[in-house]
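Okay, my_file20.txt now, which holds compact mmCIF, C-alpha atoms:
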```txt
# COMPACT_ATOMS: atom_id res chain seq x y z
CA MET P 1 0.00 0.00 0.00
CA ALA P 2 1.46 3.35 -1.07
CA VAL P 3 -0.19 5.13 1.90
CA SER P 4 -0.04 3.14 5.14
CA PRO P 5 -2.19 3.34 7.09
CA ASN P 6 -4.60 4.98 4.69
CA GLN P 7 -7.14 5.94 7.41
CA GLY P 8 -6.90 8.29 10.34
CA SER P 9 -8.44 10.95 12.53
CA THR P 10 -10.02 14.14 11.21
CA GLY P 11 -7.96 15.92 13.85
CA GLY P 12 -4.72 14.81 12.19
CA GLY P 13 -1.55 13.81 14.02
CA ASP P 14 -1.42 10.25 12.67
CA ALA P 15 1.90 8.76 11.54
CA VAL P 16 1.64 7.63 7.91
CA THR P 17 4.33 6.04 5.71
CA LEU P 18 4.39 6.78 1.97
CA THR P 19 5.94 4.23 -0.39
CA GLY P 20 6.95 5.08 -3.98
CA SER P 21 10.01 6.25 -5.93
CA HIS P 22 12.19 9.32 -6.46
CA PHE P 23 11.48 10.78 -2.99
CA THR P 24 15.03 12.11 -2.61
CA GLY P 25 14.93 15.88 -2.30
CA THR P 26 11.26 16.04 -1.36
CA THR P 27 10.24 19.60 -0.60
CA GLY P 28 6.60 19.09 0.40
CA VAL P 29 3.87 16.57 1.19
CA ARG P 30 0.18 17.42 1.00
CA TYR P 31 -3.00 15.73 2.13
CA GLY P 32 -5.51 17.27 -0.21
CA SER P 33 -4.77 20.96 -0.07
CA SER P 34 -3.23 20.84 3.42
CA PRO P 35 0.52 20.46 3.90
CA ALA P 36 1.75 17.73 6.22
CA PRO P 37 2.99 19.39 9.42
CA SER P 38 6.15 17.29 9.16
CA PHE P 39 7.76 14.64 6.98
CA THR P 40 11.03 12.73 6.85
CA VAL P 41 12.54 11.22 3.73
CA VAL P 42 13.72 7.83 4.91
CA SER P 43 14.96 6.71 1.52
CA ASP P 44 14.36 7.29 -2.16
CA THR P 45 11.31 5.00 -1.85
CA THR P 46 10.00 5.78 1.66
CA THR P 47 8.83 8.95 3.37
CA ALA P 48 7.44 9.16 6.93
CA THR P 49 4.75 11.81 7.46
CA ILE P 50 2.38 13.24 10.05
CA THR P 51 -1.15 13.99 8.85
CA PRO P 52 -2.76 17.42 9.05
CA SER P 53 -6.43 17.75 10.00
CA GLY P 54 -8.94 17.08 7.28
CA HIS P 55 -12.19 15.46 6.21
CA GLY P 56 -13.19 12.67 3.84
CA PRO P 57 -10.97 11.01 1.25
CA VAL P 58 -8.08 13.19 -0.04
CA PRO P 59 -5.19 12.60 -2.45
CA VAL P 60 -1.70 12.42 -0.97
CA SER P 61 0.90 14.22 -3.11
CA VAL P 62 4.67 14.53 -2.92
CA THR P 63 6.63 17.46 -4.42
CA THR P 64 10.31 17.05 -5.43
CA PRO P 65 12.62 19.05 -7.72
CA GLY P 66 11.38 16.74 -10.43
CA GLY P 67 7.73 17.69 -9.94
CA THR P 68 4.61 16.75 -7.97
CA GLY P 69 2.96 13.36 -8.03
CA VAL P 70 0.02 11.68 -6.23
CA VAL P 71 1.03 8.52 -4.41
CA GLY P 72 -2.37 7.44 -3.07
CA THR P 73 -5.48 8.35 -1.09
CA PHE P 74 -5.91 8.96 2.62
CA TYR P 75 -9.33 8.59 4.27
CA TYR P 76 -10.18 10.87 7.20
CA LEU P 77 -12.48 9.11 9.66
CA PRO P 78 -14.75 10.96 12.09
CA PRO P 79 -14.41 10.10 15.80
CA PRO P 80 -16.49 7.09 16.85
CA SER P 81 -19.65 7.35 18.92
CA PHE P 82 -21.37 4.63 20.90
CA ARG P 83 -23.79 3.70 23.65
CA LEU P 84 -23.69 0.67 25.92
CA THR P 85 -26.43 -1.96 26.08
CA PRO P 86 -27.88 -3.81 28.00
CA PRO P 87 -27.96 -2.04 31.43
CA PRO P 88 -24.48 -0.59 32.03
CA ALA P 89 -23.62 -2.59 35.14
CA GLY P 90 -22.29 -5.98 36.15
CA PRO P 91 -20.27 -8.05 38.63
CA LEU P 92 -16.78 -7.26 39.91
CA ALA P 93 -15.54 -10.52 38.41
CA GLY P 94 -16.45 -9.36 34.91
CA GLY P 95 -16.82 -11.97 32.20
CA ASN P 96 -20.27 -10.77 31.18
CA THR P 97 -20.90 -9.60 27.63
CA VAL P 98 -22.12 -6.14 26.66
CA THR P 99 -22.81 -4.49 23.33
CA LEU P 100 -21.45 -1.16 22.13
CA ALA P 101 -23.68 0.23 19.41
CA GLY P 102 -22.91 3.39 17.44
CA LEU P 103 -20.91 4.67 14.46
CA GLY P 104 -17.34 4.49 13.24
CA LEU P 105 -16.43 1.35 15.17
CA ASP P 106 -15.02 -0.89 12.43
CA THR P 107 -11.42 0.30 12.96
CA THR P 108 -11.56 -0.18 16.75
CA SER P 109 -8.14 -1.03 18.15
CA GLU P 110 -8.87 -0.87 21.88
CA VAL P 111 -11.74 -0.85 24.37
CA ARG P 112 -11.10 0.07 28.00
CA PHE P 113 -13.19 -0.06 31.18
CA GLY P 114 -11.37 2.43 33.34
CA THR P 115 -7.73 1.35 33.04
CA GLN P 116 -8.57 -2.26 32.12
CA ALA P 117 -8.41 -3.38 28.48
CA ALA P 118 -11.37 -5.47 27.33
CA ALA P 119 -11.55 -8.25 24.76
CA PHE P 120 -13.86 -7.33 21.89
CA THR P 121 -15.14 -8.39 18.50
CA VAL P 122 -15.93 -5.94 15.70
CA ASP P 123 -19.27 -7.10 14.30
CA SER P 124 -19.82 -4.11 12.01
CA ASP P 125 -19.16 -0.40 11.78
CA GLY P 126 -22.00 0.12 14.26
CA HIS P 127 -21.59 -2.84 16.60
CA LEU P 128 -18.97 -4.23 19.00
CA THR P 129 -19.37 -7.26 21.27
CA VAL P 130 -17.27 -6.73 24.40
CA THR P 131 -16.34 -9.01 27.29
CA VAL P 132 -16.18 -6.90 30.45
CA PRO P 133 -12.85 -7.22 32.33
CA ALA P 134 -12.66 -7.77 36.09
CA ALA P 135 -12.31 -4.89 38.54
CA LEU P 136 -10.84 -4.61 42.02
CA SER P 137 -13.58 -2.50 43.56
CA ALA P 138 -17.20 -1.57 43.01
CA GLY P 139 -18.14 1.73 41.42
CA PRO P 140 -18.42 3.54 38.08
CA VAL P 141 -15.67 3.60 35.45
CA ALA P 142 -15.37 5.35 32.09
CA VAL P 143 -15.65 3.25 28.94
CA THR P 144 -13.47 4.39 26.01
CA VAL P 145 -13.12 3.14 22.45
CA SER P 146 -10.05 3.88 20.34
CA THR P 147 -10.30 3.79 16.54
CA ARG P 148 -8.33 5.29 13.67
CA GLY P 149 -10.84 8.10 13.80
CA GLY P 150 -10.02 8.95 17.41
CA ILE P 151 -11.06 8.08 20.94
CA ALA P 152 -14.67 8.14 22.13
CA GLY P 153 -15.86 8.19 25.74
CA GLY P 154 -18.63 9.73 27.76
CA VAL P 155 -20.12 6.34 28.70
CA THR P 156 -20.06 4.94 32.25
CA TYR P 157 -20.16 1.32 33.36
CA THR P 158 -20.78 0.45 37.02
CA TYR P 159 -19.13 -2.49 38.72
CA LEU P 160 -21.43 -3.96 41.32
CA GLY P 161 -20.58 -5.77 44.52
CA PRO P 162 -22.87 -8.69 45.42
CA PRO P 163 -26.11 -7.76 47.21
CA SER P 164 -26.73 -8.46 50.89
CA ILE P 165 -29.92 -9.11 52.86
CA ALA P 166 -30.20 -7.61 56.33
CA VAL P 167 -33.79 -8.40 57.30
CA VAL P 168 -37.13 -9.54 55.86
CA THR P 169 -40.19 -7.80 57.34
CA LEU P 170 -42.56 -9.41 58.10
CA ASP P 171 -40.58 -12.62 58.17
CA SER P 172 -43.54 -15.02 58.19
CA GLY P 173 -46.86 -15.49 56.45
CA PRO P 174 -49.36 -18.01 55.06
CA VAL P 175 -48.39 -21.05 53.04
CA ASP P 176 -50.66 -19.85 50.24
CA GLY P 177 -48.56 -16.67 49.88
CA GLY P 178 -49.81 -13.43 48.38
CA ASN P 179 -48.67 -11.23 51.29
CA LEU P 180 -46.31 -8.28 50.94
CA VAL P 181 -42.89 -8.27 52.63
CA VAL P 182 -40.07 -5.75 52.67
CA ILE P 183 -36.53 -6.98 52.08
CA THR P 184 -33.88 -4.62 53.45
CA GLY P 185 -30.22 -4.84 52.49
CA THR P 186 -27.68 -3.36 50.07
CA ALA P 187 -26.91 -3.21 46.34
CA PHE P 188 -30.47 -3.88 45.16
CA SER P 189 -30.60 -1.33 42.32
CA TYR P 190 -30.02 -3.86 39.53
CA THR P 191 -32.14 -6.70 40.93
CA THR P 192 -33.16 -9.31 38.36
CA GLY P 193 -34.87 -11.87 40.60
CA VAL P 194 -36.28 -12.54 44.09
CA SER P 195 -37.19 -16.00 45.37
CA PHE P 196 -38.57 -17.68 48.50
CA GLY P 197 -37.49 -21.25 49.02
CA GLY P 198 -36.40 -21.39 45.39
CA THR P 199 -39.77 -20.18 44.07
CA PRO P 200 -39.80 -16.79 42.30
CA ALA P 201 -41.74 -14.03 44.02
CA ILE P 202 -45.15 -13.31 42.50
CA SER P 203 -43.83 -9.82 41.81
CA TYR P 204 -41.35 -7.38 43.27
CA ARG P 205 -40.52 -3.69 43.16
CA ILE P 206 -37.10 -2.12 43.64
CA ALA P 207 -37.96 0.68 46.04
CA SER P 208 -34.34 1.79 46.43
CA ASP P 209 -30.81 0.44 46.50
CA THR P 210 -31.56 -0.82 50.03
CA GLU P 211 -35.19 -1.97 49.76
CA ILE P 212 -37.22 -4.46 47.74
CA ASP P 213 -40.99 -4.89 48.17
CA ALA P 214 -42.05 -8.42 47.21
CA LEU P 215 -45.26 -10.46 47.01
CA VAL P 216 -44.52 -13.86 48.54
CA PRO P 217 -45.31 -16.98 46.46
CA ALA P 218 -46.98 -20.06 47.91
CA GLY P 219 -44.63 -22.40 49.75
CA ALA P 220 -44.25 -25.32 52.13
CA LEU P 221 -44.84 -24.96 55.85
CA GLY P 222 -41.68 -24.04 57.72
CA SER P 223 -38.63 -21.90 57.10
CA ALA P 224 -37.51 -20.89 53.62
CA ASP P 225 -34.41 -19.24 52.21
CA VAL P 226 -34.80 -15.80 50.67
CA SER P 227 -32.60 -15.04 47.66
CA VAL P 228 -31.98 -11.82 45.74
CA THR P 229 -30.20 -11.90 42.37
CA THR P 230 -28.76 -8.74 40.84
CA LEU P 231 -26.38 -7.97 38.00
CA GLY P 232 -23.71 -8.05 40.71
CA GLY P 233 -24.47 -11.59 41.92
CA THR P 234 -26.80 -13.55 44.20
CA THR P 235 -27.19 -13.53 47.98
CA THR P 236 -29.23 -15.96 50.06
CA ALA P 237 -30.48 -15.47 53.61
CA SER P 238 -30.97 -18.96 55.04
CA GLY P 239 -34.33 -19.52 56.75
CA ALA P 240 -35.15 -15.81 56.62
CA TYR P 241 -38.86 -16.39 55.97
CA THR P 242 -41.31 -18.80 57.63
CA TYR P 243 -44.44 -20.19 55.97
CA LEU P 244 -47.29 -20.54 58.45
CA GLY P 245 -50.37 -22.78 58.34
CA ARG P 246 -53.79 -21.76 57.07
CA PHE P 247 -55.74 -23.10 60.05
CA ALA P 248 -57.18 -20.86 62.76
CA VAL P 249 -58.76 -23.81 64.61
CA LEU P 250 -57.62 -27.45 64.56
CA GLY P 251 -58.64 -30.31 66.84
CA GLY P 252 -57.09 -33.74 67.10
CA GLN P 253 -60.39 -35.46 67.96
CA SER P 254 -63.14 -32.85 67.60
CA VAL P 255 -64.11 -29.19 67.29
CA THR P 256 -67.27 -28.16 69.14
CA ASN P 257 -68.97 -24.77 69.05
CA THR P 258 -71.84 -23.11 70.92
CA GLY P 259 -73.26 -19.75 69.84
CA LEU P 260 -72.30 -17.26 67.13
CA SER P 261 -68.58 -17.84 66.99
CA SER P 262 -66.63 -16.35 64.08
CA VAL P 263 -63.50 -18.05 62.75
CA THR P 264 -61.29 -16.31 60.19
CA GLY P 265 -59.04 -18.92 58.62
CA ASP P 266 -59.53 -22.63 58.02
CA LEU P 267 -61.06 -24.95 60.63
CA GLY P 268 -60.49 -28.68 60.79
CA VAL P 269 -60.13 -31.93 62.67
CA SER P 270 -57.73 -34.87 62.24
CA PRO P 271 -57.43 -37.75 62.89
CA GLY P 272 -60.86 -37.38 64.54
CA VAL P 273 -63.97 -36.71 62.45
CA SER P 274 -66.30 -34.66 64.69
CA ILE P 275 -67.12 -31.01 63.91
CA THR P 276 -70.29 -29.56 65.45
CA GLY P 277 -71.82 -26.12 65.87
CA PHE P 278 -71.18 -24.69 62.38
CA PRO P 279 -73.72 -23.19 61.94
CA PRO P 280 -74.55 -21.21 64.01
CA GLY P 281 -70.81 -20.59 64.07
CA GLN P 282 -69.33 -19.03 60.92
CA VAL P 283 -66.06 -19.97 59.24
CA ASN P 284 -64.48 -17.39 56.95
CA GLY P 285 -62.33 -20.03 55.34
CA THR P 286 -62.69 -23.75 54.61
CA ILE P 287 -63.85 -26.56 56.91
CA HIS P 288 -61.66 -29.67 56.67
CA ASN P 289 -63.05 -32.83 58.26
CA ALA P 290 -60.24 -35.42 58.33
CA ASP P 291 -59.33 -34.65 54.72
CA ALA P 292 -55.82 -34.46 53.26
CA ASP P 293 -55.40 -30.82 54.29
CA ALA P 294 -56.43 -31.55 57.89
CA LEU P 295 -54.11 -34.57 58.00
CA GLN P 296 -51.21 -32.43 56.81
CA ALA P 297 -52.11 -29.65 59.25
CA HIS P 298 -52.06 -32.17 62.12
CA ALA P 299 -48.63 -33.40 61.04
CA ASP P 300 -47.42 -29.80 60.80
CA LEU P 301 -48.80 -29.09 64.29
CA ILE P 302 -46.81 -31.99 65.72
CA ALA P 303 -43.62 -30.73 64.06
CA THR P 304 -44.18 -27.14 65.20
CA TYR P 305 -45.05 -28.25 68.75
CA ASP P 306 -41.90 -30.38 68.98
CA ASN P 307 -39.76 -27.58 67.59
CA ALA P 308 -41.10 -25.07 70.14
CA ALA P 309 -40.69 -27.56 72.99
CA GLY P 310 -37.09 -28.20 71.96
CA ARG P 311 -35.94 -24.60 72.01
CA ILE P 312 -33.37 -23.66 74.67
CA PRO P 313 -34.99 -21.33 77.24
CA ASP P 314 -33.71 -17.82 77.83
CA ALA P 315 -35.53 -17.42 81.16
CA GLY P 316 -37.81 -19.22 83.58
CA ILE P 317 -41.36 -18.16 84.49
CA SER P 318 -43.81 -19.35 87.11
CA GLY P 319 -47.09 -18.49 88.75
CA ASP P 320 -49.14 -15.72 87.14
CA LEU P 321 -48.00 -13.60 84.18
CA GLY P 322 -50.42 -10.75 84.85
CA GLY P 323 -48.75 -7.36 85.21
CA LEU P 324 -45.49 -8.47 83.57
CA THR P 325 -43.79 -6.89 80.54
CA LEU P 326 -41.67 -9.38 78.63
CA THR P 327 -39.18 -8.73 75.86
CA PRO P 328 -38.59 -11.31 73.09
CA GLY P 329 -37.23 -14.68 74.11
CA VAL P 330 -37.96 -18.29 75.04
CA TYR P 331 -39.67 -18.58 78.44
CA ASN P 332 -39.99 -21.90 80.26
CA ALA P 333 -42.40 -22.94 83.02
CA ALA P 334 -41.96 -26.36 84.61
CA SER P 335 -45.66 -26.68 85.43
CA SER P 336 -48.86 -24.62 85.11
CA ILE P 337 -49.11 -20.89 84.33
CA GLY P 338 -51.94 -18.45 84.97
CA LEU P 339 -52.80 -15.05 83.52
CA THR P 340 -54.79 -12.57 85.56
CA GLY P 341 -54.93 -9.04 84.18
CA THR P 342 -52.62 -7.96 81.36
CA LEU P 343 -49.39 -9.44 80.05
CA THR P 344 -47.45 -6.98 77.86
CA LEU P 345 -45.13 -8.20 75.11
CA ASP P 346 -42.66 -5.48 74.09
CA ALA P 347 -40.90 -6.00 70.72
CA GLN P 348 -38.64 -2.99 71.30
CA GLY P 349 -39.16 -1.87 67.71
CA ASN P 350 -38.37 -5.23 66.08
CA ARG P 351 -41.29 -6.36 63.91
CA ASN P 352 -39.72 -9.82 63.69
CA ALA P 353 -39.39 -10.28 67.47
CA GLU P 354 -40.48 -13.72 68.74
CA TRP P 355 -41.81 -15.14 72.01
CA ILE P 356 -42.06 -18.84 72.80
CA PHE P 357 -43.73 -19.88 76.05
CA GLN P 358 -42.95 -23.47 77.05
CA ILE P 359 -45.56 -24.43 79.65
CA GLY P 360 -45.14 -27.83 81.26
CA SER P 361 -48.78 -28.39 82.18
CA THR P 362 -51.78 -26.05 81.84
CA LEU P 363 -52.44 -22.46 80.84
CA THR P 364 -55.45 -20.77 82.48
CA THR P 365 -56.56 -17.17 82.07
CA ALA P 366 -58.88 -15.33 84.43
CA THR P 367 -61.98 -13.41 83.32
CA ALA P 368 -61.23 -10.34 81.14
CA SER P 369 -57.49 -10.99 81.04
CA SER P 370 -55.46 -9.92 78.02
CA VAL P 371 -52.17 -10.07 76.15
CA LEU P 372 -51.03 -6.66 74.91
CA LEU P 373 -48.62 -6.28 71.96
CA THR P 374 -46.42 -3.16 71.93
CA ASN P 375 -43.60 -1.57 69.94
CA GLY P 376 -44.02 -3.66 66.81
CA ALA P 377 -44.92 -7.03 68.34
CA THR P 378 -47.06 -9.27 66.11
CA ALA P 379 -49.42 -12.10 67.05
CA ARG P 380 -47.94 -14.47 64.47
CA ASN P 381 -44.64 -14.44 66.35
CA VAL P 382 -46.06 -15.51 69.73
CA ILE P 383 -46.20 -19.26 70.44
CA TRP P 384 -47.77 -20.91 73.47
CA GLN P 385 -46.58 -24.52 73.70
CA ILE P 386 -48.83 -26.16 76.30
CA GLY P 387 -47.87 -29.51 77.87
CA SER P 388 -51.48 -30.51 78.52
CA SER P 389 -54.48 -28.15 78.08
CA ALA P 390 -55.39 -24.46 77.87
CA THR P 391 -58.49 -22.74 79.24
CA LEU P 392 -59.21 -19.13 78.27
CA GLY P 393 -61.50 -17.42 80.78
CA THR P 394 -64.61 -15.41 79.90
CA ASP P 395 -64.00 -12.25 77.82
CA THR P 396 -60.23 -12.83 77.62
CA ALA P 397 -58.48 -11.00 74.77
CA PHE P 398 -55.75 -13.47 73.89
CA VAL P 399 -52.90 -13.22 71.40
CA GLY P 400 -50.69 -15.85 69.82
CA ARG P 401 -50.59 -19.38 68.48
CA ILE P 402 -51.78 -21.90 71.08
CA LEU P 403 -50.26 -25.35 70.50
CA ALA P 404 -51.80 -27.64 73.12
CA ALA P 405 -50.84 -31.28 73.57
CA ILE P 406 -54.38 -32.23 74.61
CA SER P 407 -57.24 -29.72 74.49
CA ILE P 408 -58.21 -26.05 74.33
CA THR P 409 -61.34 -24.63 75.96
CA VAL P 410 -62.33 -21.14 74.80
CA THR P 411 -65.09 -19.82 77.05
CA THR P 412 -67.80 -17.25 76.34
CA GLY P 413 -66.78 -13.94 74.80
CA VAL P 414 -63.10 -14.76 74.30
CA THR P 415 -61.26 -13.28 71.31
CA VAL P 416 -58.09 -14.87 69.95
CA ASN P 417 -55.79 -13.04 67.57
CA GLY P 418 -53.94 -16.19 66.60
CA GLN P 419 -54.58 -19.94 66.40
CA THR P 420 -56.12 -22.57 68.66
CA LEU P 421 -54.55 -25.92 67.73
CA ALA P 422 -55.08 -29.03 69.88
CA ARG P 423 -52.84 -31.97 69.00
CA ASP P 424 -54.54 -34.98 70.64
CA GLY P 425 -57.88 -33.77 71.98
CA SER P 426 -60.57 -31.19 71.26
CA VAL P 427 -61.12 -27.48 70.75
CA THR P 428 -64.28 -26.18 72.42
CA LEU P 429 -65.66 -22.77 71.41
CA ASP P 430 -68.48 -20.63 72.84
CA THR P 431 -69.44 -17.39 71.09
CA ASN P 432 -65.86 -16.43 70.25
CA THR P 433 -63.91 -14.51 67.64
CA ILE P 434 -60.80 -16.28 66.41
CA ALA P 435 -58.75 -14.79 63.60
CA ARG P 436 -55.59 -16.19 62.08
CA PRO P 437 -53.10 -13.24 62.17
CA TRP P 438 -51.87 -13.40 58.57
```
Translate the structure of the given file into C-alpha cells.
Amino acid sequence: MAVSPNQGSTGGGDAVTLTGSHFTGTTGVRYGSSPAPSFTVVSDTTTATITPSGHGPVPVSVTTPGGTGVVGTFYYLPPPSFRLTPPPAGPLAGGNTVTLAGLGLDTTSEVRFGTQAAAFTVDSDGHLTVTVPAALSAGPVAVTVSTRGGIAGGVTYTYLGPPSIAVVTLDSGPVDGGNLVVITGTAFSYTTGVSFGGTPAISYRIASDTEIDALVPAGALGSADVSVTTLGGTTTASGAYTYLGRFAVLGGQSVTNTGLSSVTGDLGVSPGVSITGFPPGQVNGTIHNADADALQAHADLIATYDNAAGRIPDAGISGDLGGLTLTPGVYNAASSIGLTGTLTLDAQGNRNAEWIFQIGSTLTTATASSVLLTNGATARNVIWQIGSSATLGTDTAFVGRILAAISITVTTGVTVNGQTLARDGSVTLDTNTIARPW
C-alpha cells in the first residue's frame, strides 16, 4: 500500500508512511490541499509523514525538484460514537458480555473499562461485542473506544458488589402466599430476581438500593431461604422467611362450638372426624373434616409443637403472668401458668421479634385478662406450647398461636388473635372470635 495506514483521525496527528520512488529531495507533502505538518525522507522509496487535520478522502501528493505526483489516497475518519447496552452494570468478576452500538467502530483497536483493556469483537461499523474485564472494587468507570478516527468516551459502566440481605419484614406469612414483605439490604438497584425457598416471588418492586418490596409466592410450611439476584451476583439469607399454616382452629379429635362464633381462617379436625356447631358458628375459610389438608395440618402441628418444645430457654417463668412486661425470648415454666390481668409483650421496635412460652402443664386465664402487643410485636410471632391443656376465661383477649398437647377450651366472649390448635384432643368454642393473624 502506497499510503499506510490509509485511514486516520479528522484531527490529524497520525503517523503515515508513503511508499513510492524518487522521494530524494522532497520539498513538500500534501493531504488534499493541506501540507503535512512534518515529513522525513527515509529513503528514495520511503517517506514518513504526520497527517494534518482534514475530512473525507483526499489525495496524498509529494513534491520534489522533479515535480509533484500523487502517491495514493488517505481517508479521514470521524471520531467514533457509541452507547452501551444492556444495562451498564455488572459483577466485579467481569466476564459478562455487553454491546457497544454506534458509528465508526469498524477500525476499533482498543476498548477500555477504566484502566482495564477489554476483549472485543468488531461485528460491524456500528456494533462491538465486548467481554467486560474484572475490577478490584465496586463503582463507576469510564468506557473508552479507540479507533483510527479517534477516541470516544462519555459512557459509564458500574461495577457492582454482590447484594446483601439484612432483614425480611414481616418474616412469616401463610403457606398460600400473596402477602407483601419488605426486604432490606444493600446493592439492590439492579435486581433481576427474588425468590422464596427457590420459588420466584409473585412480583417485586425495587424501592431503592436498600429496599425491595415483594409479594410472597406459595410455599411449604416451615422456614424458607430468601434469595436476591442482581447484575452483581446472588445472595441468600438462610431460613429468613417462615411459611405458616392456614388453620385458625384445629382439633385432634373434635371441634365443638356453641353460639355465634366467628372463625377467620380454616377450621379442621384430624385424625378425629367430629365437627359440630357450624352453623350457628361461621367460618371465613374452609372446613376440613379429616381430609388431606387436615391430616397435613395435624402433622405440621406436631412438628411445630416439637420444635417449640425443643428450644433452649432464655428465662424461667412461674405463677401468674399478669402485670409483667416481657421482651422477646424463650420462656420456660416447669408446670402450670396463669394469667390474671394484662401481660405486655414489648418488641422494642423489632417487627420480627419472637416469644415462645414453654408451659409444662396447663395455661389458664382469668376473666377479662389480656395479652397486649407493643412496639411492633405481632401475634404471628407468639407461640404458646402447652404440655397438657389451655383454658381461656370469659372475655379474655388473647394473642398468639396456642399449640396444646391435649385440648383447648375457649369460654364465652373470648377473642383470639392467633390460632387454637389441639394436637390430641378437642377445641371447644363458645361465642368467640378467632382470627388467624396473617
Residues within 7 Å of (6.1, 20.9, -2.8), file coords, all atoms listed in the file, listed as a list in words: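 Using all atoms listed in the file, the matching residues come out as Thr27, Gly28, Val29, Val62, Thr63, Thr64 and Thr68 of chain P.
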Length of the atom CA of Leu392 of chain P to atom CA of Thr364 of chain P vector [Å]: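 Atom CA of Thr364 of chain P lies 5.9 Å from atom CA of Leu392 of chain P.
Atom CA of Ile359 of chain P sits 27.5 Å away from atom CA of Ser274 of chain P.
Take atom CA of Ala138 of chain P and atom CA of Thr156 of chain P: the distance between them is 12.9 Å.
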So which residues touch Thr342 of chain P within 12 Å, counting only C-alpha atoms, skipping near sequence neighbours fewer than 2 positions away, as a JSON list (two decimals) with C-alpha atoms, in the frame of the given file?
```
[["chain", "number", "residue", "atom", "x", "y", "z"],
["P", 320, "ASP", "CA", -49.14, -15.72, 87.14],
["P", 321, "LEU", "CA", -48.00, -13.60, 84.18],
["P", 322, "GLY", "CA", -50.42, -10.75, 84.85],
["P", 323, "GLY", "CA", -48.75, -7.36, 85.21],
["P", 324, "LEU", "CA", -45.49, -8.47, 83.57],
["P", 325, "THR", "CA", -43.79, -6.89, 80.54],
["P", 326, "LEU", "CA", -41.67, -9.38, 78.63],
["P", 338, "GLY", "CA", -51.94, -18.45, 84.97],
["P", 339, "LEU", "CA", -52.80, -15.05, 83.52],
["P", 340, "THR", "CA", -54.79, -12.57, 85.56],
["P", 344, "THR", "CA", -47.45, -6.98, 77.86],
["P", 345, "LEU", "CA", -45.13, -8.20, 75.11],
["P", 365, "THR", "CA", -56.56, -17.17, 82.07],
["P", 366, "ALA", "CA", -58.88, -15.33, 84.43],
["P", 367, "THR", "CA", -61.98, -13.41, 83.32],
["P", 368, "ALA", "CA", -61.23, -10.34, 81.14],
["P", 369, "SER", "CA", -57.49, -10.99, 81.04],
["P", 370, "SER", "CA", -55.46, -9.92, 78.02],
["P", 371, "VAL", "CA", -52.17, -10.07, 76.15],
["P", 372, "LEU", "CA", -51.03, -6.66, 74.91],
["P", 373, "LEU", "CA", -48.62, -6.28, 71.96],
["P", 396, "THR", "CA", -60.23, -12.83, 77.62],
["P", 397, "ALA", "CA", -58.48, -11.00, 74.77],
["P", 398, "PHE", "CA", -55.75, -13.47, 73.89],
["P", 399, "VAL", "CA", -52.90, -13.22, 71.40]]
```
Option closest in space to Ala294 of chain P, from P:Ile434, P:Leu136, P:Val155, P:Val269 [counting all atoms listed in the file]: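 Closest to Ala294 of chain P, using all atoms listed in the file: P:Val269.
Compared by their closest atoms to Thr327 of chain P, and using all atoms listed in the file, the residues P:Thr412, P:Ser262, P:Ser81, P:Thr374 rank with P:Thr374 nearest.
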Residue neighbourhood His127 of chain P, 12 Å, only C-alpha atoms, exclusion window fewer than 6 positions, as a list of chain:residue names: P:Pro80, P:Ser81, P:Phe82, P:Arg83, P:Leu84, P:Thr85, P:Val98, P:Thr99, P:Leu100, P:Ala101, P:Gly102, P:Leu103, P:Gly104, P:Leu105, P:Asp106, P:Thr107, P:Thr108, P:Phe120, P:Thr121, P:Val145
Per residue of segment 248-269 of chain P within 10 Å of segment 426-429 of chain P, what are the shortest atom pair and its distance in Å to one decimal, counting only C-alpha atoms, with rows by chain and residue number, as JSON lines?
```
{"residue": "P:Val249", "atom": "CA", "partner": "P:Val427", "partner_atom": "CA", "distance": 7.5}
{"residue": "P:Leu250", "atom": "CA", "partner": "P:Val427", "partner_atom": "CA", "distance": 7.1}
{"residue": "P:Gly251", "atom": "CA", "partner": "P:Ser426", "partner_atom": "CA", "distance": 4.9}
{"residue": "P:Gly252", "atom": "CA", "partner": "P:Ser426", "partner_atom": "CA", "distance": 6.0}
{"residue": "P:Gln253", "atom": "CA", "partner": "P:Ser426", "partner_atom": "CA", "distance": 5.4}
{"residue": "P:Ser254", "atom": "CA", "partner": "P:Ser426", "partner_atom": "CA", "distance": 4.8}
{"residue": "P:Val255", "atom": "CA", "partner": "P:Val427", "partner_atom": "CA", "distance": 4.9}
{"residue": "P:Thr256", "atom": "CA", "partner": "P:Thr428", "partner_atom": "CA", "distance": 4.9}
{"residue": "P:Asn257", "atom": "CA", "partner": "P:Leu429", "partner_atom": "CA", "distance": 4.5}
{"residue": "P:Thr258", "atom": "CA", "partner": "P:Leu429", "partner_atom": "CA", "distance": 6.2}
{"residue": "P:Gly259", "atom": "CA", "partner": "P:Leu429", "partner_atom": "CA", "distance": 8.3}
{"residue": "P:Leu260", "atom": "CA", "partner": "P:Leu429", "partner_atom": "CA", "distance": 9.6}
{"residue": "P:Ser261", "atom": "CA", "partner": "P:Leu429", "partner_atom": "CA", "distance": 7.2}
{"residue": "P:Ser262", "atom": "CA", "partner": "P:Leu429", "partner_atom": "CA", "distance": 9.8}
{"residue": "P:Val269", "atom": "CA", "partner": "P:Ser426", "partner_atom": "CA", "distance": 8.6}
```
Those same residues - C-alpha atoms - I'd like them written as a compact mmCIF listing (two decimals), in the coordinates of the input.
```txt
# COMPACT_ATOMS: atom_id res chain seq x y z
CA VAL P 249 -58.76 -23.81 64.61
CA LEU P 250 -57.62 -27.45 64.56
CA GLY P 251 -58.64 -30.31 66.84
CA GLY P 252 -57.09 -33.74 67.10
CA GLN P 253 -60.39 -35.46 67.96
CA SER P 254 -63.14 -32.85 67.60
CA VAL P 255 -64.11 -29.19 67.29
CA THR P 256 -67.27 -28.16 69.14
CA ASN P 257 -68.97 -24.77 69.05
CA THR P 258 -71.84 -23.11 70.92
CA GLY P 259 -73.26 -19.75 69.84
CA LEU P 260 -72.30 -17.26 67.13
CA SER P 261 -68.58 -17.84 66.99
CA SER P 262 -66.63 -16.35 64.08
CA VAL P 269 -60.13 -31.93 62.67
```
Nearest residue to Pro86 of chain P from the set P:Val216, P:Gly185, P:Ile202, P:Tyr157 (distances using all atoms listed in the file):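 Going through P:Val216, P:Gly185, P:Ile202, P:Tyr157 one by one, the smallest distance to Pro86 of chain P is for P:Tyr157.
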Residue contacts of Leu301 of chain P (10 Å, all atoms listed in the file) excluding same-chain residues fewer than 5 positions away, as a PyMOL selection string: chain P and resi 245+250+252+295-296+306-307+403-405+421-423
